[in-house]
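This is run.cif. It holds mmCIF, N, CA and C atoms and all ligand atoms.
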data_work
#
loop_
_atom_site.label_atom_id
_atom_site.label_comp_id
_atom_site.auth_asym_id
_atom_site.auth_seq_id
_atom_site.Cartn_x
_atom_site.Cartn_y
_atom_site.Cartn_z
N MET A 566 -29.97 8.52 -6.27
CA MET A 566 -29.64 7.61 -7.38
C MET A 566 -28.15 7.70 -7.71
N LYS A 567 -27.66 8.94 -7.87
CA LYS A 567 -26.25 9.16 -8.19
C LYS A 567 -25.35 8.58 -7.09
N SER A 568 -25.71 8.85 -5.82
CA SER A 568 -24.85 8.38 -4.73
C SER A 568 -24.84 6.86 -4.65
N ALA A 569 -25.96 6.22 -5.03
CA ALA A 569 -25.99 4.75 -5.03
C ALA A 569 -24.98 4.21 -6.04
N LEU A 570 -24.90 4.85 -7.18
CA LEU A 570 -23.94 4.43 -8.20
C LEU A 570 -22.50 4.57 -7.69
N ILE A 571 -22.24 5.68 -7.01
CA ILE A 571 -20.89 5.91 -6.48
C ILE A 571 -20.54 4.82 -5.47
N ILE A 572 -21.49 4.44 -4.63
CA ILE A 572 -21.24 3.39 -3.62
C ILE A 572 -20.90 2.06 -4.31
N VAL A 573 -21.67 1.72 -5.35
CA VAL A 573 -21.41 0.47 -6.08
C VAL A 573 -19.99 0.50 -6.66
N PHE A 574 -19.62 1.66 -7.21
CA PHE A 574 -18.29 1.82 -7.80
C PHE A 574 -17.19 1.61 -6.76
N LEU A 575 -17.37 2.19 -5.58
CA LEU A 575 -16.36 2.06 -4.52
C LEU A 575 -16.26 0.62 -4.04
N MET A 576 -17.38 -0.08 -3.99
CA MET A 576 -17.37 -1.48 -3.56
C MET A 576 -16.58 -2.33 -4.57
N ALA A 577 -16.74 -2.01 -5.85
CA ALA A 577 -16.01 -2.74 -6.88
C ALA A 577 -14.51 -2.52 -6.74
N LEU A 578 -14.12 -1.29 -6.41
CA LEU A 578 -12.70 -0.97 -6.23
C LEU A 578 -12.12 -1.77 -5.06
N GLY A 579 -12.89 -1.92 -4.03
CA GLY A 579 -12.44 -2.60 -2.82
C GLY A 579 -12.16 -4.07 -3.02
N THR A 580 -12.74 -4.68 -4.04
CA THR A 580 -12.52 -6.10 -4.29
C THR A 580 -11.75 -6.30 -5.59
N ALA A 581 -10.69 -5.48 -5.73
CA ALA A 581 -9.90 -5.49 -6.97
C ALA A 581 -9.42 -6.89 -7.35
N GLN A 582 -8.97 -7.69 -6.38
CA GLN A 582 -8.52 -9.05 -6.70
C GLN A 582 -9.46 -10.07 -6.06
N ASP A 583 -9.92 -11.02 -6.86
CA ASP A 583 -10.83 -12.06 -6.35
C ASP A 583 -10.10 -12.99 -5.41
N ALA A 584 -10.86 -13.65 -4.53
CA ALA A 584 -10.29 -14.66 -3.66
C ALA A 584 -9.65 -15.73 -4.53
N TRP A 585 -8.54 -16.27 -4.08
CA TRP A 585 -7.79 -17.24 -4.87
C TRP A 585 -8.41 -18.62 -4.71
N LYS A 586 -8.90 -19.18 -5.80
CA LYS A 586 -9.54 -20.49 -5.77
C LYS A 586 -8.82 -21.45 -6.70
N ALA A 587 -8.55 -22.64 -6.21
CA ALA A 587 -7.96 -23.67 -7.07
C ALA A 587 -9.08 -24.25 -7.92
N PRO A 588 -8.78 -24.76 -9.13
CA PRO A 588 -9.82 -25.37 -9.97
C PRO A 588 -10.31 -26.67 -9.32
N PRO A 589 -11.57 -27.06 -9.59
CA PRO A 589 -12.16 -28.24 -8.94
C PRO A 589 -11.33 -29.52 -9.10
N GLU A 590 -10.63 -29.68 -10.24
CA GLU A 590 -9.85 -30.92 -10.42
C GLU A 590 -8.70 -31.03 -9.43
N ALA A 591 -8.28 -29.90 -8.84
CA ALA A 591 -7.20 -29.94 -7.84
C ALA A 591 -7.61 -30.77 -6.62
N ASP A 592 -8.92 -30.78 -6.33
CA ASP A 592 -9.42 -31.53 -5.16
C ASP A 592 -9.18 -33.03 -5.30
N LYS A 593 -8.96 -33.48 -6.52
CA LYS A 593 -8.75 -34.93 -6.74
C LYS A 593 -7.33 -35.35 -6.38
N LEU A 594 -6.41 -34.39 -6.27
CA LEU A 594 -5.03 -34.73 -5.90
C LEU A 594 -4.99 -35.12 -4.43
N LYS A 595 -4.46 -36.30 -4.15
CA LYS A 595 -4.42 -36.77 -2.75
C LYS A 595 -2.99 -36.71 -2.23
N ASN A 596 -2.83 -36.29 -0.98
CA ASN A 596 -1.51 -36.20 -0.37
C ASN A 596 -0.97 -37.60 -0.07
N PRO A 597 0.09 -38.04 -0.79
CA PRO A 597 0.62 -39.38 -0.58
C PRO A 597 1.35 -39.52 0.76
N LEU A 598 1.62 -38.38 1.42
CA LEU A 598 2.41 -38.41 2.66
C LEU A 598 1.54 -38.21 3.89
N VAL A 599 0.22 -38.26 3.72
CA VAL A 599 -0.67 -37.93 4.83
C VAL A 599 -0.40 -38.83 6.05
N GLY A 600 -0.32 -38.22 7.24
CA GLY A 600 -0.09 -38.95 8.48
C GLY A 600 1.38 -39.30 8.74
N LYS A 601 2.28 -38.90 7.83
CA LYS A 601 3.71 -39.23 8.01
C LYS A 601 4.43 -38.11 8.77
N GLU A 602 4.93 -38.45 9.94
CA GLU A 602 5.62 -37.51 10.82
C GLU A 602 6.85 -36.89 10.11
N GLU A 603 7.58 -37.71 9.36
CA GLU A 603 8.78 -37.25 8.65
C GLU A 603 8.44 -36.15 7.64
N ALA A 604 7.29 -36.29 7.00
CA ALA A 604 6.87 -35.30 6.00
C ALA A 604 6.65 -33.95 6.67
N ILE A 605 6.03 -33.97 7.84
CA ILE A 605 5.76 -32.72 8.57
C ILE A 605 7.08 -32.04 8.94
N LYS A 606 8.03 -32.84 9.40
CA LYS A 606 9.36 -32.30 9.77
C LYS A 606 10.06 -31.69 8.57
N GLY A 607 9.99 -32.41 7.44
CA GLY A 607 10.61 -31.92 6.21
C GLY A 607 9.97 -30.62 5.76
N GLY A 608 8.66 -30.58 5.81
CA GLY A 608 7.91 -29.40 5.40
C GLY A 608 8.25 -28.20 6.28
N LYS A 609 8.42 -28.46 7.56
CA LYS A 609 8.73 -27.38 8.50
C LYS A 609 10.05 -26.70 8.12
N LYS A 610 11.04 -27.51 7.74
CA LYS A 610 12.37 -26.97 7.35
C LYS A 610 12.26 -26.13 6.09
N ILE A 611 11.55 -26.65 5.09
CA ILE A 611 11.42 -25.90 3.82
C ILE A 611 10.67 -24.59 4.09
N PHE A 612 9.62 -24.70 4.91
CA PHE A 612 8.81 -23.52 5.22
C PHE A 612 9.68 -22.42 5.84
N ALA A 613 10.53 -22.81 6.81
CA ALA A 613 11.37 -21.84 7.51
C ALA A 613 12.32 -21.13 6.55
N THR A 614 12.85 -21.85 5.54
CA THR A 614 13.82 -21.22 4.65
C THR A 614 13.18 -20.50 3.47
N MET A 615 12.01 -20.98 3.00
CA MET A 615 11.46 -20.41 1.76
C MET A 615 10.14 -19.65 1.89
N CYS A 616 9.40 -19.89 2.94
CA CYS A 616 8.04 -19.34 3.00
C CYS A 616 7.85 -18.34 4.15
N ALA A 617 8.62 -18.55 5.25
CA ALA A 617 8.43 -17.73 6.45
C ALA A 617 8.70 -16.25 6.20
N ILE A 618 9.58 -15.96 5.26
CA ILE A 618 9.90 -14.56 4.95
C ILE A 618 8.63 -13.74 4.64
N CYS A 619 7.66 -14.37 4.02
CA CYS A 619 6.38 -13.70 3.75
C CYS A 619 5.28 -14.16 4.71
N HIS A 620 5.15 -15.49 4.87
CA HIS A 620 4.03 -16.02 5.66
C HIS A 620 4.26 -15.98 7.17
N GLY A 621 5.48 -15.62 7.59
CA GLY A 621 5.78 -15.52 9.02
C GLY A 621 6.29 -16.84 9.58
N GLU A 622 7.13 -16.77 10.58
CA GLU A 622 7.77 -17.93 11.20
C GLU A 622 6.74 -18.95 11.67
N LYS A 623 5.64 -18.47 12.22
CA LYS A 623 4.59 -19.36 12.72
C LYS A 623 3.42 -19.46 11.74
N GLY A 624 3.60 -18.92 10.54
CA GLY A 624 2.57 -19.01 9.50
C GLY A 624 1.40 -18.06 9.68
N LYS A 625 1.63 -17.00 10.47
CA LYS A 625 0.52 -16.08 10.74
C LYS A 625 0.35 -14.99 9.68
N GLY A 626 1.13 -15.08 8.60
CA GLY A 626 1.01 -14.09 7.53
C GLY A 626 1.73 -12.79 7.83
N ASP A 627 2.66 -12.85 8.82
CA ASP A 627 3.30 -11.62 9.28
C ASP A 627 4.81 -11.59 9.03
N GLY A 628 5.27 -12.23 7.96
CA GLY A 628 6.70 -12.19 7.63
C GLY A 628 7.14 -10.81 7.19
N ILE A 629 8.42 -10.51 7.36
CA ILE A 629 8.89 -9.14 7.05
C ILE A 629 8.72 -8.77 5.59
N ALA A 630 8.88 -9.71 4.68
CA ALA A 630 8.77 -9.38 3.26
C ALA A 630 7.30 -9.31 2.81
N GLY A 631 6.38 -9.65 3.69
CA GLY A 631 4.96 -9.65 3.31
C GLY A 631 4.24 -8.37 3.68
N ALA A 632 4.87 -7.56 4.52
CA ALA A 632 4.20 -6.39 5.07
C ALA A 632 3.65 -5.45 4.01
N ALA A 633 4.41 -5.25 2.92
CA ALA A 633 4.00 -4.27 1.92
C ALA A 633 3.24 -4.90 0.75
N LEU A 634 2.98 -6.20 0.83
CA LEU A 634 2.34 -6.87 -0.31
C LEU A 634 0.83 -6.68 -0.33
N ASN A 635 0.29 -6.71 -1.53
CA ASN A 635 -1.16 -6.66 -1.72
C ASN A 635 -1.50 -7.68 -2.81
N PRO A 636 -2.30 -8.72 -2.53
CA PRO A 636 -2.88 -9.04 -1.22
C PRO A 636 -1.80 -9.50 -0.23
N LYS A 637 -2.16 -9.53 1.03
CA LYS A 637 -1.26 -9.95 2.11
C LYS A 637 -1.04 -11.46 2.06
N PRO A 638 0.14 -11.93 2.50
CA PRO A 638 0.35 -13.38 2.59
C PRO A 638 -0.68 -14.01 3.54
N THR A 639 -1.14 -15.18 3.17
CA THR A 639 -2.19 -15.86 3.95
C THR A 639 -1.72 -16.23 5.35
N ASN A 640 -2.63 -16.09 6.31
CA ASN A 640 -2.41 -16.54 7.68
C ASN A 640 -2.88 -18.00 7.77
N PHE A 641 -1.94 -18.93 7.93
CA PHE A 641 -2.28 -20.35 7.92
C PHE A 641 -2.85 -20.86 9.25
N THR A 642 -2.94 -19.99 10.25
CA THR A 642 -3.57 -20.41 11.52
C THR A 642 -5.09 -20.20 11.44
N ASN A 643 -5.50 -19.49 10.39
CA ASN A 643 -6.91 -19.17 10.17
C ASN A 643 -7.73 -20.41 9.76
N THR A 644 -8.80 -20.70 10.48
CA THR A 644 -9.60 -21.91 10.19
C THR A 644 -10.17 -21.90 8.78
N ALA A 645 -10.59 -20.73 8.29
CA ALA A 645 -11.21 -20.64 6.97
C ALA A 645 -10.26 -21.18 5.90
N PHE A 646 -8.98 -20.90 6.02
CA PHE A 646 -7.99 -21.39 5.06
C PHE A 646 -8.05 -22.92 4.96
N HIS A 647 -8.25 -23.58 6.09
CA HIS A 647 -8.19 -25.05 6.14
C HIS A 647 -9.45 -25.75 5.63
N SER A 648 -10.44 -24.97 5.22
CA SER A 648 -11.66 -25.59 4.69
C SER A 648 -11.44 -26.13 3.28
N GLN A 649 -10.32 -25.77 2.64
CA GLN A 649 -10.05 -26.30 1.29
C GLN A 649 -9.30 -27.64 1.38
N SER A 650 -9.26 -28.36 0.26
CA SER A 650 -8.63 -29.69 0.23
C SER A 650 -7.10 -29.59 0.20
N ASP A 651 -6.44 -30.70 0.58
CA ASP A 651 -4.97 -30.79 0.45
C ASP A 651 -4.57 -30.52 -1.00
N GLY A 652 -5.36 -31.08 -1.92
CA GLY A 652 -5.07 -30.92 -3.34
C GLY A 652 -5.08 -29.46 -3.77
N ALA A 653 -6.03 -28.69 -3.24
CA ALA A 653 -6.13 -27.26 -3.58
C ALA A 653 -4.90 -26.51 -3.06
N ILE A 654 -4.46 -26.83 -1.85
CA ILE A 654 -3.28 -26.16 -1.28
C ILE A 654 -2.04 -26.52 -2.11
N PHE A 655 -1.92 -27.81 -2.45
CA PHE A 655 -0.80 -28.27 -3.28
C PHE A 655 -0.79 -27.53 -4.62
N TRP A 656 -1.96 -27.43 -5.22
CA TRP A 656 -2.08 -26.76 -6.52
C TRP A 656 -1.62 -25.30 -6.43
N LYS A 657 -1.99 -24.60 -5.36
CA LYS A 657 -1.62 -23.19 -5.21
C LYS A 657 -0.11 -23.04 -5.03
N ILE A 658 0.52 -23.95 -4.27
CA ILE A 658 1.98 -23.90 -4.11
C ILE A 658 2.64 -24.17 -5.46
N THR A 659 2.07 -25.07 -6.22
CA THR A 659 2.61 -25.43 -7.53
C THR A 659 2.52 -24.28 -8.52
N GLU A 660 1.34 -23.67 -8.61
CA GLU A 660 1.07 -22.65 -9.64
C GLU A 660 1.42 -21.22 -9.24
N GLY A 661 1.33 -20.90 -7.95
CA GLY A 661 1.56 -19.55 -7.47
C GLY A 661 0.55 -18.55 -7.98
N ARG A 662 0.59 -17.35 -7.46
CA ARG A 662 -0.21 -16.23 -7.97
C ARG A 662 0.45 -14.96 -7.42
N ALA A 663 0.73 -14.02 -8.32
CA ALA A 663 1.45 -12.81 -7.92
C ALA A 663 0.77 -12.17 -6.70
N PRO A 664 1.54 -11.75 -5.71
CA PRO A 664 3.01 -11.66 -5.67
C PRO A 664 3.72 -12.94 -5.22
N MET A 665 3.02 -14.06 -5.09
CA MET A 665 3.71 -15.29 -4.70
C MET A 665 4.15 -16.06 -5.95
N ALA A 666 5.38 -16.58 -5.89
CA ALA A 666 5.94 -17.32 -7.02
C ALA A 666 5.29 -18.69 -7.15
N ALA A 667 5.45 -19.31 -8.32
CA ALA A 667 5.09 -20.72 -8.53
C ALA A 667 6.28 -21.55 -8.09
N TYR A 668 6.02 -22.70 -7.43
CA TYR A 668 7.13 -23.54 -6.95
C TYR A 668 7.25 -24.85 -7.73
N LYS A 669 6.57 -24.91 -8.87
CA LYS A 669 6.59 -26.08 -9.74
C LYS A 669 8.03 -26.48 -10.08
N ALA A 670 8.84 -25.49 -10.48
CA ALA A 670 10.19 -25.76 -10.95
C ALA A 670 11.21 -25.85 -9.82
N THR A 671 10.97 -25.18 -8.72
CA THR A 671 11.99 -25.12 -7.66
C THR A 671 11.81 -26.17 -6.58
N LEU A 672 10.61 -26.70 -6.39
CA LEU A 672 10.39 -27.71 -5.34
C LEU A 672 9.77 -28.97 -5.96
N SER A 673 10.33 -30.14 -5.64
CA SER A 673 9.80 -31.40 -6.16
C SER A 673 8.38 -31.60 -5.64
N GLU A 674 7.64 -32.51 -6.29
CA GLU A 674 6.27 -32.81 -5.83
C GLU A 674 6.30 -33.24 -4.38
N GLU A 675 7.28 -34.09 -4.02
CA GLU A 675 7.35 -34.58 -2.65
C GLU A 675 7.51 -33.42 -1.66
N LYS A 676 8.37 -32.47 -2.00
CA LYS A 676 8.58 -31.33 -1.10
C LYS A 676 7.31 -30.48 -0.98
N ARG A 677 6.58 -30.35 -2.08
CA ARG A 677 5.34 -29.56 -2.04
C ARG A 677 4.30 -30.26 -1.16
N TRP A 678 4.25 -31.60 -1.22
CA TRP A 678 3.32 -32.32 -0.34
C TRP A 678 3.76 -32.22 1.13
N GLN A 679 5.09 -32.21 1.35
CA GLN A 679 5.59 -32.05 2.72
C GLN A 679 5.11 -30.71 3.28
N LEU A 680 5.16 -29.68 2.42
CA LEU A 680 4.69 -28.36 2.85
C LEU A 680 3.21 -28.39 3.19
N VAL A 681 2.43 -29.09 2.38
CA VAL A 681 0.99 -29.20 2.66
C VAL A 681 0.80 -29.86 4.03
N SER A 682 1.52 -30.95 4.28
CA SER A 682 1.40 -31.66 5.56
C SER A 682 1.77 -30.74 6.73
N TYR A 683 2.83 -29.95 6.55
CA TYR A 683 3.25 -29.05 7.63
C TYR A 683 2.23 -27.93 7.85
N ILE A 684 1.78 -27.31 6.76
CA ILE A 684 0.84 -26.18 6.86
C ILE A 684 -0.44 -26.62 7.59
N ARG A 685 -0.85 -27.88 7.38
CA ARG A 685 -2.03 -28.40 8.08
C ARG A 685 -1.89 -28.39 9.60
N THR A 686 -0.64 -28.49 10.09
CA THR A 686 -0.43 -28.52 11.55
C THR A 686 -0.55 -27.13 12.18
N LEU A 687 -0.64 -26.08 11.33
CA LEU A 687 -0.67 -24.71 11.85
C LEU A 687 -2.06 -24.24 12.24
N LYS A 688 -3.07 -25.01 11.89
CA LYS A 688 -4.47 -24.64 12.17
C LYS A 688 -4.68 -24.44 13.68
N GLN A 689 -5.41 -23.37 14.03
CA GLN A 689 -5.66 -23.13 15.45
C GLN A 689 -7.14 -23.19 15.78
C1 LIG B 1 6.92 -13.17 -1.71
C2 LIG B 1 6.13 -13.56 -0.58
C3 LIG B 1 5.67 -15.01 -0.50
C4 LIG B 1 6.45 -16.14 -0.38
C5 LIG B 1 7.97 -16.22 -0.32
C6 LIG B 1 5.53 -17.25 -0.28
N1 LIG B 1 4.23 -16.81 -0.36
FE1 LIG B 1 2.56 -17.98 -0.25
N2 LIG B 1 1.41 -16.33 -0.55
C7 LIG B 1 1.87 -15.04 -0.65
C8 LIG B 1 0.74 -14.15 -0.87
C9 LIG B 1 0.83 -12.65 -1.02
C10 LIG B 1 -0.41 -14.96 -0.91
C11 LIG B 1 -1.85 -14.51 -1.13
C12 LIG B 1 -2.09 -14.56 -2.62
C13 LIG B 1 -3.54 -14.30 -2.99
O1 LIG B 1 -4.42 -14.32 -2.14
O2 LIG B 1 -3.76 -14.08 -4.17
C14 LIG B 1 0.05 -16.33 -0.71
C15 LIG B 1 -0.79 -17.43 -0.69
C16 LIG B 1 -0.38 -18.73 -0.43
C17 LIG B 1 -1.25 -19.87 -0.41
C18 LIG B 1 -2.76 -19.88 -0.70
C19 LIG B 1 -3.54 -19.39 0.45
C20 LIG B 1 -5.05 -19.47 0.31
O3 LIG B 1 -5.70 -18.50 0.62
O4 LIG B 1 -5.57 -20.50 -0.09
C21 LIG B 1 -0.49 -20.96 -0.08
C22 LIG B 1 -0.95 -22.38 0.10
C23 LIG B 1 0.86 -20.48 0.07
N3 LIG B 1 0.90 -19.12 -0.15
C24 LIG B 1 1.93 -21.27 0.39
C25 LIG B 1 3.26 -20.85 0.35
C26 LIG B 1 4.39 -21.73 0.55
C27 LIG B 1 4.30 -23.20 0.90
C28 LIG B 1 5.50 -20.98 0.38
C29 LIG B 1 6.95 -21.43 0.42
C30 LIG B 1 7.35 -22.49 -0.49
C31 LIG B 1 5.07 -19.62 0.09
N4 LIG B 1 3.70 -19.59 0.09
C32 LIG B 1 5.92 -18.56 -0.14
C33 LIG B 1 3.18 -14.62 -0.57
C34 LIG B 1 4.28 -15.46 -0.49
#
Would you kindly transcribe this structure into structure tokens?
Ligand code: HEC
Amino acid sequence: MKSALIIVFLMALGTAQDAWKAPPEADKLKNPLVGKEEAIKGGKKIFATMCAICHGEKGKGDGIAGAALNPKPTNFTNTAFHSQSDGAIFWKITEGRAPMAAYKATLSEEKRWQLVSYIRTLKQ
């Protein structure tokens, strides 16, 4: 009985931070740049200068500044990541969650959608 309690306690410790979920209303946001080649190119440039340091040059979550972070920067080549809507990804870039900053003030809506368009191309 006692050991069962200890196991439950350890499991709780292991999931200290919940998976990051955007609110349902984020799914209603539609990417106005969907299918635009220029948007992908623009997003790629912003990603290289602002996001690759943590998320890695190819978006694999292996950037140098991400190594010591908890939770780890997301690997955007992972299929599970892509099961969420464009709106949810946009919302997360907008709002941020520690240790990732919010980009509401630093990147225009258009730039944030460009990033969404680019990140979508990283799926493997
Ligand atoms: C300081 C390091 C850092 C930088 C710079 C950074 N991120 Fe992140 N990012 C993270 C971490 C860590 C997470 C995981 C957060 C979590 O799971 O709570 C994350 C998560 C995300 C997610 C959500 C992933 C999911 O699981 O749904 C998106 C989208 C994202 N980042 C996009 C970006 C974009 C776009 C940029 C550049 C504008 C960027 N990030 C810059 C560290 C960073």
Neighbours of ligand LIG 1 (chain B) at 6.5 Å or closer, counting all atoms listed in the file: which residues, as a ChimeraX atom specification?
/A:584-585,611-612,615-620,630-631,634-639,646,654-655,657-658,662-666,680-681
Segment 654-680 of chain A residues near segment 594-605 of chain A within 8 Å, closest pair each, using all atoms listed in the file, as CSV:
residue,atom,partner,partner_atom,distance
A:Trp656,N,A:Leu594,CA,7.9
A:Glu675,C,A:Ala604,CA,7.9
A:Trp678,CA,A:Asn596,CA,6.2
A:Gln679,CA,A:Ala604,C,4.5
A:Leu680,N,A:Ala604,C,6.2
Mind pulling up the distance from atom CA of Ala591 of chain A to atom CA of Gly608 of chain A?
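Going from atom CA of Gly608 of chain A over to atom CA of Ala591 of chain A covers 20.1 Å.
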Computed interatomic separation between atom N of Thr659 of chain A and atom CA of Thr671 of chain A (Å):
10.0 Å
How would you write, as a PyMOL selection string, the set of residues in chain A that DSSP gives as helix (DSSP H, G or I)?
chain A and resi 567-579+589-593+602-620+629-631+644-648+651-660+674-685
Between atom CA of Gln649 of chain A and atom N of Gln582 of chain A, what is the distance, to one decimal in Å?
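If I compute the distance from atom CA of Gln649 of chain A to atom N of Gln582 of chain A, I get 20.2 Å.
Comparing A:Arg685, A:Lys625, A:Lys676, A:Lys593 by their smallest distance to Gly652 of chain A, the closest is A:Lys593 (using only C-alpha atoms).
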Write out all heavy atoms for segment 647-656 of chain A, as a short mmCIF file (atom, residue, chain, number, x, y, z; two decimals), in the frame of the given file.
data_model
loop_
_atom_site.label_atom_id
_atom_site.label_comp_id
_atom_site.auth_asym_id
_atom_site.auth_seq_id
_atom_site.Cartn_x
_atom_site.Cartn_y
_atom_site.Cartn_z
N HIS A 647 -8.25 -23.58 6.09
CA HIS A 647 -8.19 -25.05 6.14
C HIS A 647 -9.45 -25.75 5.63
O HIS A 647 -9.50 -26.97 5.60
CB HIS A 647 -7.85 -25.51 7.56
CG HIS A 647 -6.43 -25.16 7.93
ND1 HIS A 647 -5.36 -25.94 7.58
CD2 HIS A 647 -5.92 -24.08 8.55
CE1 HIS A 647 -4.24 -25.37 8.00
NE2 HIS A 647 -4.56 -24.23 8.60
N SER A 648 -10.44 -24.97 5.22
CA SER A 648 -11.66 -25.59 4.69
C SER A 648 -11.44 -26.13 3.28
O SER A 648 -12.25 -26.89 2.76
CB SER A 648 -12.82 -24.59 4.71
OG SER A 648 -12.51 -23.51 3.88
N GLN A 649 -10.32 -25.77 2.64
CA GLN A 649 -10.05 -26.30 1.29
C GLN A 649 -9.30 -27.64 1.38
O GLN A 649 -8.77 -28.00 2.42
CB GLN A 649 -9.28 -25.28 0.46
CG GLN A 649 -7.90 -24.93 1.01
CD GLN A 649 -7.30 -23.72 0.32
OE1 GLN A 649 -7.33 -23.60 -0.90
NE2 GLN A 649 -6.76 -22.79 1.10
N SER A 650 -9.26 -28.36 0.26
CA SER A 650 -8.63 -29.69 0.23
C SER A 650 -7.10 -29.59 0.20
O SER A 650 -6.54 -28.55 -0.15
CB SER A 650 -9.11 -30.46 -1.00
OG SER A 650 -8.64 -29.84 -2.18
N ASP A 651 -6.44 -30.70 0.58
CA ASP A 651 -4.97 -30.79 0.45
C ASP A 651 -4.57 -30.52 -1.00
O ASP A 651 -3.58 -29.85 -1.26
CB ASP A 651 -4.49 -32.21 0.82
CG ASP A 651 -4.35 -32.40 2.33
OD1 ASP A 651 -4.66 -31.46 3.09
OD2 ASP A 651 -3.93 -33.50 2.74
N GLY A 652 -5.36 -31.08 -1.92
CA GLY A 652 -5.07 -30.92 -3.34
C GLY A 652 -5.08 -29.46 -3.77
O GLY A 652 -4.23 -29.03 -4.56
N ALA A 653 -6.03 -28.69 -3.24
CA ALA A 653 -6.13 -27.26 -3.58
C ALA A 653 -4.90 -26.51 -3.06
O ALA A 653 -4.35 -25.66 -3.77
CB ALA A 653 -7.41 -26.67 -3.00
N ILE A 654 -4.46 -26.83 -1.85
CA ILE A 654 -3.28 -26.16 -1.28
C ILE A 654 -2.04 -26.52 -2.11
O ILE A 654 -1.24 -25.65 -2.47
CB ILE A 654 -3.09 -26.55 0.20
CG1 ILE A 654 -4.30 -26.11 1.02
CG2 ILE A 654 -1.80 -25.94 0.77
CD1 ILE A 654 -4.31 -26.60 2.46
N PHE A 655 -1.92 -27.81 -2.45
CA PHE A 655 -0.80 -28.27 -3.28
C PHE A 655 -0.79 -27.53 -4.62
O PHE A 655 0.25 -27.07 -5.08
CB PHE A 655 -0.94 -29.79 -3.50
CG PHE A 655 0.11 -30.38 -4.40
CD1 PHE A 655 1.34 -30.78 -3.88
CD2 PHE A 655 -0.13 -30.57 -5.75
CE1 PHE A 655 2.32 -31.33 -4.71
CE2 PHE A 655 0.84 -31.12 -6.58
CZ PHE A 655 2.06 -31.51 -6.06
N TRP A 656 -1.96 -27.43 -5.22
CA TRP A 656 -2.08 -26.76 -6.52
C TRP A 656 -1.62 -25.30 -6.43
O TRP A 656 -0.91 -24.80 -7.30
CB TRP A 656 -3.53 -26.84 -7.01
CG TRP A 656 -3.74 -26.29 -8.39
CD1 TRP A 656 -3.67 -26.95 -9.58
CD2 TRP A 656 -4.06 -24.91 -8.71
NE1 TRP A 656 -3.91 -26.08 -10.61
CE2 TRP A 656 -4.16 -24.84 -10.12
CE3 TRP A 656 -4.28 -23.77 -7.95
CZ2 TRP A 656 -4.46 -23.65 -10.79
CZ3 TRP A 656 -4.57 -22.57 -8.61
CH2 TRP A 656 -4.67 -22.52 -10.02
#
